[in-house]
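Dumped target.tsv below, it's TSV, C-alpha atoms:
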chain	number	residue	atom	x	y	z
A	71	MET	CA	31.91	6.37	24.68
A	72	ARG	CA	31.33	2.85	23.52
A	73	LEU	CA	27.76	3.82	22.77
A	74	LEU	CA	28.95	6.73	20.67
A	75	ALA	CA	31.32	4.49	18.75
A	76	ALA	CA	28.51	2.02	18.13
A	77	ALA	CA	26.22	4.80	16.96
A	78	LEU	CA	28.89	6.14	14.61
A	79	LEU	CA	29.52	2.68	13.26
A	80	GLY	CA	25.79	2.20	12.75
A	81	LEU	CA	25.64	5.47	10.87
A	82	LEU	CA	28.54	4.43	8.69
A	83	ILE	CA	26.98	1.09	7.86
A	84	SER	CA	23.61	2.62	7.08
A	85	ALA	CA	25.32	5.20	4.87
A	86	THR	CA	27.07	2.54	2.85
A	87	ALA	CA	23.99	0.32	2.72
A	88	TYR	CA	21.87	3.11	1.34
A	89	GLY	CA	20.71	2.46	-2.20
A	90	ALA	CA	20.15	-1.18	-2.85
A	91	ILE	CA	22.72	-2.85	-5.07
A	92	ASP	CA	22.24	-6.24	-6.57
A	93	THR	CA	24.54	-7.98	-8.96
A	94	TYR	CA	22.58	-9.10	-11.95
A	95	GLU	CA	24.14	-10.02	-15.27
A	96	PHE	CA	22.10	-8.58	-18.10
A	97	ARG	CA	22.20	-9.86	-21.63
A	98	ASP	CA	22.59	-6.40	-23.10
A	99	GLU	CA	22.33	-2.71	-22.38
A	100	ALA	CA	18.66	-2.56	-23.48
A	101	GLU	CA	17.67	-5.16	-20.92
A	102	ARG	CA	19.57	-3.34	-18.19
A	103	GLU	CA	17.71	-0.18	-19.18
A	104	ARG	CA	14.35	-1.95	-19.01
A	105	TYR	CA	15.22	-3.36	-15.60
A	106	ARG	CA	16.10	0.13	-14.41
A	107	THR	CA	12.88	1.68	-15.76
A	108	LEU	CA	10.71	-1.06	-14.29
A	109	THR	CA	12.25	-1.01	-10.83
A	110	GLU	CA	12.01	2.76	-10.75
A	111	GLU	CA	8.38	2.90	-11.88
A	112	LEU	CA	7.16	0.23	-9.49
A	113	ARG	CA	6.51	1.00	-5.88
A	114	CYS	CA	7.60	-1.09	-2.95
A	115	PRO	CA	4.44	-2.36	-1.22
A	116	LYS	CA	6.09	-2.44	2.18
A	117	CYS	CA	7.79	0.94	2.37
A	118	GLN	CA	5.06	3.01	0.74
A	119	ASN	CA	7.12	5.88	-0.59
A	120	GLN	CA	10.07	4.21	-2.19
A	121	ASN	CA	10.32	2.49	-5.50
A	122	ILE	CA	11.52	-1.07	-5.81
A	123	ALA	CA	14.92	0.09	-7.04
A	124	ASP	CA	15.69	2.20	-3.96
A	125	SER	CA	14.23	0.07	-1.24
A	126	ASN	CA	16.18	-2.27	1.00
A	127	ALA	CA	13.06	-4.02	2.28
A	128	PRO	CA	13.22	-7.81	1.82
A	129	ILE	CA	10.10	-7.73	-0.34
A	130	ALA	CA	11.69	-5.16	-2.68
A	131	MET	CA	14.71	-7.44	-3.00
A	132	ASP	CA	12.42	-10.35	-3.88
A	133	LEU	CA	10.50	-8.28	-6.38
A	134	ARG	CA	13.72	-7.14	-8.07
A	135	ARG	CA	14.68	-10.78	-8.37
A	136	GLU	CA	11.27	-11.62	-9.83
A	137	ILE	CA	11.54	-8.76	-12.32
A	138	PHE	CA	14.98	-9.92	-13.35
A	139	ARG	CA	13.70	-13.47	-13.74
A	140	MET	CA	10.82	-12.32	-15.93
A	141	LEU	CA	13.16	-10.22	-18.06
A	142	GLU	CA	15.31	-13.29	-18.56
A	143	GLU	CA	12.22	-15.21	-19.60
A	144	GLY	CA	11.65	-12.61	-22.28
A	145	ARG	CA	8.40	-11.17	-20.95
A	146	ASP	CA	7.58	-7.63	-22.03
A	147	ASN	CA	7.15	-4.67	-19.70
A	148	ASP	CA	3.35	-4.82	-19.67
A	149	GLN	CA	3.38	-8.47	-18.69
A	150	ILE	CA	5.78	-7.77	-15.84
A	151	VAL	CA	3.73	-4.85	-14.53
A	152	ASP	CA	0.55	-6.93	-14.84
A	153	PHE	CA	2.18	-9.75	-12.88
A	154	LEU	CA	2.82	-7.40	-9.98
A	155	VAL	CA	-0.51	-5.57	-10.18
A	156	GLU	CA	-2.29	-8.91	-10.12
A	157	ARG	CA	-0.64	-9.68	-6.80
A	158	TYR	CA	-0.22	-6.33	-5.11
A	159	GLY	CA	-2.89	-4.18	-6.76
A	160	ASP	CA	-2.62	-0.81	-8.44
A	161	PHE	CA	-0.74	0.37	-5.37
A	162	VAL	CA	2.54	-0.85	-6.87
A	163	ARG	CA	2.25	1.47	-9.84
A	164	TYR	CA	3.51	4.98	-9.48
A	165	LYS	CA	1.42	5.76	-12.53
A	166	PRO	CA	-2.03	4.40	-11.68
A	167	PRO	CA	-4.45	3.53	-14.49
A	168	VAL	CA	-7.49	5.71	-15.14
A	169	ASN	CA	-10.53	4.06	-13.58
A	170	ALA	CA	-13.49	4.99	-11.41
A	171	LYS	CA	-11.33	5.04	-8.30
A	172	THR	CA	-8.59	7.24	-9.73
A	173	LEU	CA	-10.78	9.59	-11.78
A	174	VAL	CA	-10.55	12.40	-9.22
A	175	LEU	CA	-6.80	11.90	-8.99
A	176	TRP	CA	-6.33	12.19	-12.74
A	177	TYR	CA	-8.86	14.87	-13.63
A	178	GLY	CA	-9.49	16.61	-10.31
A	179	PRO	CA	-6.73	19.22	-10.77
A	180	VAL	CA	-7.85	20.04	-14.31
A	181	ALA	CA	-11.47	20.33	-13.15
A	182	LEU	CA	-10.42	22.68	-10.35
A	183	LEU	CA	-8.41	24.79	-12.79
A	184	VAL	CA	-11.37	25.08	-15.17
A	185	LEU	CA	-13.63	25.92	-12.23
A	186	GLY	CA	-11.18	28.61	-11.10
A	187	PHE	CA	-11.07	30.18	-14.56
A	188	GLY	CA	-14.86	30.04	-14.67
A	189	VAL	CA	-15.15	31.92	-11.38
A	190	LEU	CA	-12.54	34.45	-12.52
A	191	ALA	CA	-14.34	35.02	-15.83
A	192	THR	CA	-17.68	35.50	-14.04
A	193	ILE	CA	-16.19	38.03	-11.65
A	194	LEU	CA	-14.51	39.97	-14.45
A	195	MET	CA	-17.67	39.99	-16.54
A	196	ARG	CA	-19.77	41.23	-13.63
A	197	ARG	CA	-17.29	43.96	-12.88
A	198	ARG	CA	-17.27	45.08	-16.48
A	199	ARG	CA	-21.06	45.14	-16.59
A	200	ALA	CA	-21.21	47.12	-13.34
A	201	THR	CA	-18.93	49.83	-14.75
A	202	GLY	CA	-20.87	50.02	-17.98
A	203	GLY	CA	-18.32	48.26	-20.07
A	204	THR	CA	-15.63	50.93	-19.72
A	205	VAL	CA	-13.20	51.46	-16.94
A	206	PRO	CA	-12.93	55.23	-16.21
A	207	HIS	CA	-9.38	56.32	-16.75
A	208	THR	CA	-9.85	60.03	-16.33
A	209	LEU	CA	-10.38	61.79	-13.05
A	210	SER	CA	-13.18	64.19	-12.32
A	211	GLU	CA	-12.43	67.75	-11.24
A	212	ALA	CA	-13.03	66.95	-7.60
A	213	GLU	CA	-10.77	63.91	-7.72
A	214	ARG	CA	-8.05	65.89	-9.42
A	215	ALA	CA	-8.15	68.52	-6.71
A	216	ARG	CA	-8.00	65.87	-4.02
A	217	LEU	CA	-5.06	64.20	-5.66
A	218	ALA	CA	-3.21	67.50	-5.85
A	219	THR	CA	-3.68	68.17	-2.14
A	220	LEU	CA	-2.55	64.65	-1.29
A	221	LEU	CA	0.58	64.99	-3.38
A	222	ASP	CA	1.33	68.42	-1.91
A	223	LYS	CA	0.98	67.06	1.56
A	224	LYS	CA	3.46	64.34	0.77
A	225	ASP	CA	6.00	66.75	-0.68
A	226	SER	CA	5.99	69.10	2.26
B	222	MET	CA	-29.85	33.43	-5.45
B	223	LYS	CA	-27.04	35.57	-4.11
B	224	ARG	CA	-27.34	34.01	-0.70
B	225	MET	CA	-27.15	30.54	-2.25
B	226	LEU	CA	-23.95	31.53	-4.02
B	227	MET	CA	-22.45	32.66	-0.75
B	228	LEU	CA	-22.99	29.18	0.65
B	229	ILE	CA	-20.80	27.61	-2.02
B	230	PRO	CA	-17.46	28.22	-0.22
B	231	LEU	CA	-18.96	26.74	2.93
B	232	ALA	CA	-20.11	23.70	1.00
B	233	ILE	CA	-16.66	23.27	-0.54
B	234	PHE	CA	-15.07	23.66	2.88
B	235	LEU	CA	-17.36	21.02	4.38
B	236	LEU	CA	-16.66	18.64	1.52
B	237	ILE	CA	-12.91	18.96	1.94
B	238	ALA	CA	-13.22	18.74	5.73
B	239	VAL	CA	-15.14	15.46	5.53
B	240	PHE	CA	-12.65	14.12	3.00
B	241	LEU	CA	-9.62	14.97	5.13
B	242	TYR	CA	-11.27	13.85	8.36
B	243	ARG	CA	-11.84	10.45	6.83
B	244	GLY	CA	-8.19	10.39	5.81
B	245	LEU	CA	-7.17	10.66	9.46
B	246	PHE	CA	-8.53	7.21	10.12
B	247	LEU	CA	-7.28	5.42	7.05
B	248	ASP	CA	-4.35	3.11	7.45
B	249	PRO	CA	-1.88	3.84	4.66
B	250	SER	CA	-0.12	0.52	5.20
B	251	ASP	CA	-3.33	-1.32	4.33
B	252	ILE	CA	-3.14	-1.50	0.57
B	253	GLY	CA	-5.93	-4.05	0.29
B	254	SER	CA	-5.55	-7.38	-1.36
B	255	THR	CA	-6.14	-8.51	-4.90
B	256	MET	CA	-6.53	-12.05	-3.57
B	257	ILE	CA	-9.98	-11.54	-2.07
B	258	GLY	CA	-12.55	-13.61	-3.92
B	259	LYS	CA	-9.85	-15.68	-5.60
B	260	PRO	CA	-8.76	-19.23	-4.82
B	261	LEU	CA	-5.38	-19.78	-3.23
B	262	PRO	CA	-2.62	-19.89	-5.85
B	263	ALA	CA	-1.35	-23.35	-6.68
B	264	PHE	CA	1.86	-24.34	-4.93
B	265	SER	CA	3.80	-27.39	-3.98
B	266	LEU	CA	6.26	-26.75	-1.20
B	267	ALA	CA	7.86	-28.76	1.56
B	268	SER	CA	6.05	-28.90	4.85
B	269	LEU	CA	7.92	-27.32	7.73
B	270	GLU	CA	7.23	-30.17	10.12
B	271	ALA	CA	8.13	-32.94	7.68
B	272	PRO	CA	10.45	-31.46	5.04
B	273	GLU	CA	10.46	-34.64	2.97
B	274	ARG	CA	6.72	-34.24	2.33
B	275	ASN	CA	5.23	-31.65	-0.02
B	276	VAL	CA	2.01	-29.80	0.69
B	277	THR	CA	-0.22	-28.15	-1.89
B	278	ALA	CA	-3.10	-25.70	-1.98
B	279	GLY	CA	-5.40	-28.73	-2.10
B	280	ASP	CA	-4.40	-29.60	1.46
B	281	ILE	CA	-5.91	-26.36	2.71
B	282	LYS	CA	-9.52	-27.13	1.93
B	283	GLU	CA	-12.77	-28.54	3.17
B	284	LEU	CA	-12.78	-26.42	6.31
B	285	PRO	CA	-12.85	-22.65	6.66
B	286	ALA	CA	-9.44	-21.69	7.96
B	287	LEU	CA	-6.93	-19.00	8.72
B	288	LEU	CA	-3.71	-19.01	6.74
B	289	ASN	CA	-1.15	-17.19	8.82
B	290	VAL	CA	2.10	-15.93	7.29
B	291	TRP	CA	4.82	-15.77	9.92
B	292	ALA	CA	8.55	-15.91	10.55
B	293	THR	CA	10.90	-16.06	13.49
B	294	TRP	CA	12.55	-12.79	12.43
B	295	CYS	CA	9.28	-10.96	12.83
B	296	PRO	CA	8.69	-9.47	16.31
B	297	THR	CA	5.01	-8.81	15.64
B	298	CYS	CA	4.57	-12.52	14.92
B	299	LYS	CA	5.86	-13.25	18.40
B	300	ALA	CA	3.30	-10.86	19.83
B	301	GLU	CA	0.57	-12.52	17.79
B	302	HIS	CA	1.53	-16.09	18.62
B	303	GLU	CA	-0.33	-16.32	21.94
B	304	MET	CA	-3.52	-15.21	20.23
B	305	LEU	CA	-3.12	-17.91	17.58
B	306	ASN	CA	-2.55	-20.53	20.27
B	307	LYS	CA	-5.73	-19.38	21.94
B	308	LEU	CA	-7.75	-19.50	18.72
B	309	ALA	CA	-6.44	-22.95	17.85
B	310	ALA	CA	-7.41	-24.13	21.34
B	311	GLN	CA	-10.94	-22.84	20.65
B	312	GLY	CA	-11.07	-25.03	17.57
B	313	VAL	CA	-10.24	-22.47	14.87
B	314	VAL	CA	-8.42	-24.13	11.98
B	315	VAL	CA	-5.09	-22.39	11.44
B	316	TYR	CA	-2.51	-23.16	8.78
B	317	GLY	CA	0.86	-21.48	8.65
B	318	VAL	CA	3.19	-20.22	5.96
B	319	ASN	CA	6.68	-20.00	7.35
B	320	TYR	CA	7.83	-17.06	5.28
B	321	LYS	CA	11.47	-16.51	4.29
B	322	ASP	CA	12.68	-18.21	7.39
B	323	ASN	CA	15.17	-20.74	8.61
B	324	GLY	CA	13.51	-24.15	9.04
B	325	ASP	CA	15.41	-25.13	12.18
B	326	ALA	CA	14.72	-21.82	13.88
B	327	ALA	CA	11.04	-22.10	12.97
B	328	ARG	CA	10.71	-25.65	14.33
B	329	GLN	CA	12.48	-24.57	17.49
B	330	TRP	CA	10.07	-21.62	17.84
B	331	LEU	CA	7.03	-23.91	17.54
B	332	LYS	CA	8.47	-26.26	20.16
B	333	GLN	CA	9.11	-23.37	22.50
B	334	PHE	CA	5.97	-21.23	22.10
B	335	GLY	CA	3.43	-23.86	21.12
B	336	ASN	CA	2.13	-24.87	17.72
B	337	PRO	CA	-1.30	-23.54	16.75
B	338	TYR	CA	-0.94	-24.70	13.13
B	339	ARG	CA	-2.42	-27.82	11.55
B	340	PHE	CA	0.66	-27.73	9.36
B	341	ASN	CA	3.11	-25.20	8.03
B	342	VAL	CA	4.17	-24.57	4.47
B	343	ALA	CA	7.89	-23.79	4.35
B	344	ASP	CA	8.40	-20.88	1.97
B	345	PRO	CA	12.08	-19.98	2.40
B	346	GLU	CA	12.29	-18.12	-0.92
B	347	GLY	CA	9.06	-16.22	-0.44
B	348	SER	CA	7.73	-17.53	-3.75
B	349	LEU	CA	4.33	-18.46	-2.34
B	350	GLY	CA	4.45	-15.13	-0.54
B	351	ILE	CA	4.75	-13.25	-3.81
B	352	ASN	CA	1.88	-15.18	-5.35
B	353	LEU	CA	-0.24	-14.37	-2.31
B	354	GLY	CA	0.70	-10.69	-2.48
B	355	VAL	CA	2.45	-10.88	0.89
B	356	TYR	CA	4.78	-7.97	1.60
B	357	GLY	CA	5.61	-8.49	5.24
B	358	ALA	CA	4.73	-10.59	8.22
B	359	PRO	CA	2.46	-11.30	9.89
B	360	GLU	CA	-0.37	-11.45	7.41
B	361	THR	CA	-3.45	-13.61	7.77
B	362	PHE	CA	-5.83	-14.83	5.09
B	363	VAL	CA	-9.33	-16.04	5.88
B	364	ILE	CA	-10.16	-18.93	3.58
B	365	ASP	CA	-13.51	-20.56	3.03
B	366	LYS	CA	-14.09	-24.26	2.55
B	367	GLN	CA	-13.69	-23.99	-1.23
B	368	GLY	CA	-10.23	-22.59	-0.69
B	369	VAL	CA	-11.24	-19.06	-1.72
B	370	VAL	CA	-9.70	-16.11	0.10
B	371	ARG	CA	-12.38	-14.03	1.82
B	372	ASP	CA	-10.33	-11.50	3.76
B	373	LYS	CA	-6.76	-10.57	4.43
B	374	LEU	CA	-5.33	-8.92	7.49
B	375	VAL	CA	-1.96	-7.18	7.47
B	376	GLY	CA	-0.48	-7.11	10.96
B	377	ALA	CA	-1.14	-9.07	14.11
B	378	ILE	CA	-4.47	-10.56	15.10
B	379	ASP	CA	-5.48	-9.23	18.47
B	380	GLU	CA	-8.62	-9.60	20.58
B	381	ARG	CA	-10.30	-6.57	19.06
B	382	ILE	CA	-9.62	-7.51	15.43
B	383	TRP	CA	-10.79	-11.05	16.08
B	384	ARG	CA	-13.94	-9.86	17.82
B	385	GLU	CA	-14.85	-7.21	15.26
B	386	ARG	CA	-13.54	-8.40	11.94
B	387	LEU	CA	-12.10	-11.90	11.57
B	388	GLY	CA	-14.15	-13.78	14.16
B	389	PRO	CA	-17.59	-12.91	12.73
B	390	LEU	CA	-16.39	-13.72	9.20
B	391	TYR	CA	-14.91	-17.04	10.27
B	392	GLN	CA	-18.08	-17.91	12.16
B	393	SER	CA	-20.23	-17.11	9.12
B	394	LEU	CA	-18.05	-19.36	6.97
B	395	VAL	CA	-18.39	-22.16	9.50
B	396	ASP	CA	-22.16	-21.65	9.58
B	397	GLU	CA	-22.38	-21.81	5.79
B	398	GLN	CA	-21.74	-25.53	5.66
Encoded form using structure tokens:
Amino acid sequence: MRLLAAALLGLLISATAYGAIDTYEFRDEAERERYRTLTEELRCPKCQNQNIADSNAPIAMDLRREIFRMLEEGRDNDQIVDFLVERYGDFVRYKPPVNAKTLVLWYGPVALLVLGFGVLATILMRRRRATGGTVPHTLSEAERARLATLLDKKDS
Amino acid sequence: MKRMLMLIPLAIFLLIAVFLYRGLFLDPSDIGSTMIGKPLPAFSLASLEAPERNVTAGDIKELPALLNVWATWCPTCKAEHEMLNKLAAQGVVVYGVNYKDNGDAARQWLKQFGNPYRFNVADPEGSLGINLGVYGAPETFVIDKQGVVRDKLVGAIDERIWRERLGPLYQSLVDEQ
């Protein structure tokens, strides 16, 4: 029983603690907006699949503080992102830059799509050539007779 | 020609299979380090052992060394500690960064479990940690005698990692001089 109560309490605490909330005083609405964009676009290095805004990991808390500090200092978004990339690598960006390592990531899907269309076009062209350029849309006498018997059979 | 074309799906399958098979053995928590090949960032922070004295990056030089980031709140650091004691006893130079920790608790820990560190940098705010690209503990940097980072390990040093990865590198750095 005590265990259950503890578990419930734990659940309650974790529910309220979900979604990290800091109290930062921003100069104006624009700066608040920039802070929000930056913390949402940057990825927490510790927790892998959360952005810095959502994560409760200590490192995410520190990075939010750093971002706030740099905003206060008047650095622009690129400088702030560069600061973090310099330390944690491209991993912290949810939108990685195009380079040799990420080429497949950026253009792989497009390449596959083009390849798929290429294969489809080849198949269609072959089929058309095989049927002499026209698809027969009339039935021969024999086929007509066979169709009639099939339909009769179904009716009866 | 036709037969060659029929092999294409097999080739694609094999390519994807190799790709995914490799993925099975990658560690997603290892995001690499941008520090490798760069000198330690400049810092001036209190030493853990003697808080009235500041230590700087210049103090971690002249000898190849391990720079171990640890904290008393980190259970993996506890597991790693014996290994560090052992390495220090073998003559490996180990410095510590006491990361986002309470100084008293950290000093108590060293008294209790042994102190493998030449000295410890107290980094209660994690500011040095951020400059080093630290995102958890323990992490260990291998530093050459010029103070340049050569490798970084995320997670605990154990016998296998020392034998296969860090030990040979450390030895080669020692042999360089």
Worksheet item: What is the distance, in Å and to one decimal place, between CA of Phe153 in chain A and CA of Leu266 in chain B?
Response: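 Those two atoms sit 21.0 Å apart.
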Kindly provide the residues of chain B that approach chain A to within 9 Å, each paired with its closest atom pair and their distance in Å to one decimal, based on only C-alpha atoms, listed by chain and increasing number, as a Markdown table.
| residue | atom | partner | partner_atom | distance |
| --- | --- | --- | --- | --- |
| B:Pro249 | CA | A:Gln118 | CA | 8.0 |
| B:Ser250 | CA | A:Gln118 | CA | 7.3 |
| B:Ile252 | CA | A:Phe161 | CA | 6.7 |
| B:Gly253 | CA | A:Gly159 | CA | 7.7 |
| B:Ser254 | CA | A:Tyr158 | CA | 6.6 |
| B:Thr255 | CA | A:Gly159 | CA | 5.7 |
| B:Met256 | CA | A:Arg157 | CA | 7.1 |
| B:Glu346 | CA | A:Asp132 | CA | 8.3 |
| B:Gly347 | CA | A:Asp132 | CA | 7.6 |
| B:Ser348 | CA | A:Asp132 | CA | 8.6 |
| B:Ile351 | CA | A:Arg157 | CA | 7.1 |
| B:Asn352 | CA | A:Arg157 | CA | 6.2 |
| B:Leu353 | CA | A:Arg157 | CA | 6.5 |
| B:Gly354 | CA | A:Arg157 | CA | 4.6 |
| B:Val355 | CA | A:Tyr158 | CA | 8.0 |
| B:Tyr356 | CA | A:Ile129 | CA | 5.7 |
| B:Gly357 | CA | A:Lys116 | CA | 6.8 |
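Atom to atom, CA of Glu360 in chain B and CA of Val375 in chain B stand 4.6 Å apart.
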Practice prompt. Just give me the residues with any atom within 7 Å of (3.0, -29.3, 8.9), file coordinates, counting only C-alpha atoms, written as an NGL selection string.
Written response: :B and (268-271 or 339-342)
Worksheet item: Do you have the CA of Arg328 in chain B-CA of Asn289 in chain B distance handy?
Response: 15.6 Å
Practice prompt. Might you pull out every residue within 9 Å of Val313 in chain B, with all atoms listed in the file counted and same-chain residues fewer than 6 positions away left off, and present them as a ChimeraX atom specification?
Written response: /B:285-287,305,307,391
Practice prompt. Would you list the contacts of Leu284 in chain B as a list in words, taking every protein, DNA or RNA residue within 8 Å and counting only C-alpha atoms, but skipping same-chain residues closer than 3 positions in sequence?
Written response: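 Non-adjacent residues within range: Ile281, Val314, Asp365, Lys366, Gln367 and Val395 of chain B.
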Worksheet entry | Contact residues around Glu142 in chain A with all atoms listed in the file at 12 Å, ignoring same-chain residues under 2 positions, as a list of chain:residue names |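 Answer for this query is A:Tyr94, A:Glu95, A:Phe96, A:Arg97, A:Asp98, A:Glu101, A:Arg102, A:Arg104, A:Tyr105, A:Arg135, A:Glu136, A:Ile137, A:Phe138, A:Arg139, A:Met140, A:Gly144, A:Arg145, A:Asp146, A:Asn147, A:Ile150.
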Item to complete: Check the smallest atom-to-atom distance from each of B:Gln392, B:Ile382, B:Leu308, B:Gly368 to Glu283 in chain B using all atoms listed in the file, then report the winner.
Response: B:Gly368
Fill in: range 257-263 of chain B environment, 6 Å, only C-alpha atoms, sequence neighbours closer than 5 positions dropped, as a ChimeraX atom specification
/B:278,368-372
Write out as a compact mmCIF listing (two decimals) with C-alpha atoms, in the frame of the given file each polymer residue whose atoms come within 12 Å of Ala327 in chain B, counting all atoms listed in the file; drop sequence neighbours fewer than 3 positions from it.
# COMPACT_ATOMS: atom_id res chain seq x y z
CA SER B 268 6.05 -28.90 4.85
CA LEU B 269 7.92 -27.32 7.73
CA GLU B 270 7.23 -30.17 10.12
CA TRP B 291 4.82 -15.77 9.92
CA ALA B 292 8.55 -15.91 10.55
CA THR B 293 10.90 -16.06 13.49
CA TRP B 294 12.55 -12.79 12.43
CA CYS B 295 9.28 -10.96 12.83
CA CYS B 298 4.57 -12.52 14.92
CA LYS B 299 5.86 -13.25 18.40
CA GLY B 317 0.86 -21.48 8.65
CA VAL B 318 3.19 -20.22 5.96
CA ASN B 319 6.68 -20.00 7.35
CA TYR B 320 7.83 -17.06 5.28
CA LYS B 321 11.47 -16.51 4.29
CA ASP B 322 12.68 -18.21 7.39
CA ASN B 323 15.17 -20.74 8.61
CA GLY B 324 13.51 -24.15 9.04
CA TRP B 330 10.07 -21.62 17.84
CA LEU B 331 7.03 -23.91 17.54
CA LYS B 332 8.47 -26.26 20.16
CA GLN B 333 9.11 -23.37 22.50
CA PHE B 334 5.97 -21.23 22.10
CA GLY B 335 3.43 -23.86 21.12
CA ASN B 336 2.13 -24.87 17.72
CA ASN B 341 3.11 -25.20 8.03
CA VAL B 342 4.17 -24.57 4.47
CA ALA B 343 7.89 -23.79 4.35
CA ASP B 344 8.40 -20.88 1.97
CA PRO B 345 12.08 -19.98 2.40
